[in-house]
Amino acid sequence: MNSFCVEQQQPYVNIGYINDISVIGPFYIPGETGCFRCASVAPEFDGQNQNKFDKLNSGFKAATFAPVNGVAASYAAGDIIKFLGKFAEVQSINKRIGIHSAIAKIETQPLDKNEECKICGTR
């Protein structure tokens, strides 16, 4: 999806979850911000590291958890409305936001544009 949106010059926001953490961002704006691959937060999957992927979700087996997904969707919807309405700062630009439901903690991970990115960089 990231590659497609970059090729089509289509803004998008990445949302999802990791175990009990709602994840929002980065919000990609063509020509302005970095894409999801810029910081390599998603590992390359070549089949050789299958054991690492198998262990990634070893402590939390649910395929999905509605409250965690709902939090991510709500934050993302807020950012989308701000972007489209141009009335407030989009919170997930150049960062990924993690909202931990188990410990009521919010953290951010900076994801600045990487000019060497294989997907959106200028190389």
# chains A, B, ... in the order shown; residues from 1 in each chain; ligands from 1
>>> residues_around(residues="range 5-7 of chain A", least_positions_apart="6", cutoff="9 Å", atoms="only C-alpha atoms", output="ChimeraX atom specification")
/A:28-30,35,119-120
>>> residues_around(residues="Asn94 in chain A", least_positions_apart="4", cutoff="7 Å", atoms="only C-alpha atoms", output="number ranges by chain")
A: 26-27, 33-34, 110-112
>>> write_last_selection(atoms="C-alpha atoms", output="short mmCIF file (atom, residue, chain, number, x, y, z; two decimals), in the first residue's frame")
data_model
loop_
_atom_site.label_atom_id
_atom_site.label_comp_id
_atom_site.auth_asym_id
_atom_site.auth_seq_id
_atom_site.Cartn_x
_atom_site.Cartn_y
_atom_site.Cartn_z
CA PRO A 26 3.16 8.14 9.76
CA PHE A 27 0.79 10.39 7.84
CA THR A 33 6.71 13.97 4.48
CA GLY A 34 8.41 10.63 4.60
CA PRO A 110 10.13 10.09 15.02
CA LEU A 111 9.99 9.04 11.36
CA ASP A 112 11.57 11.83 9.38
#
>>> closest_residue(among="A:Gly85, A:Gly98, A:Pro67, A:Gly78", to="Ile21 in chain A", atoms="only C-alpha atoms")
A:Gly98
>>> residues_around(residues="Gly121 in chain A", least_positions_apart="5", cutoff="10 Å", atoms="only C-alpha atoms", output="NGL selection string")
:A and (31 or 34-35 or 37-38 or 113-116)
>>> closest_residue(among="A:Cys117, A:Ala88, A:Val71, A:Ala66", to="Ser3 in chain A", atoms="only C-alpha atoms")
A:Cys117
>>> atom_distance(atom1="CA of Ala72 in chain A", atom2="CA of Glu32 in chain A")
23.1 Å
>>> atom_distance(atom1="CA of Gly16 in chain A", atom2="CA of Asn2 in chain A")
13.9 Å
>>> residues_around(residues="Asn69 in chain A", least_positions_apart="6", cutoff="10 Å", atoms="only C-alpha atoms", output="MDAnalysis selection string")
chainID A and resid 15:18 20:23
>>> atom_distance(atom1="CA of Lys82 in chain A", atom2="CA of Phe36 in chain A")
19.9 Å
>>> closest_residue(among="A:Ile24, A:Ala73, A:Val68, A:Ala39", to="Ile97 in chain A", atoms="only C-alpha atoms")
A:Ile24
>>> select_by_dssp(residues="range 1-121 of chain A", states="strand (DSSP E or B)", output="MDAnalysis selection string")
chainID A and resid 12:18 21:28 93 95:100 105:110
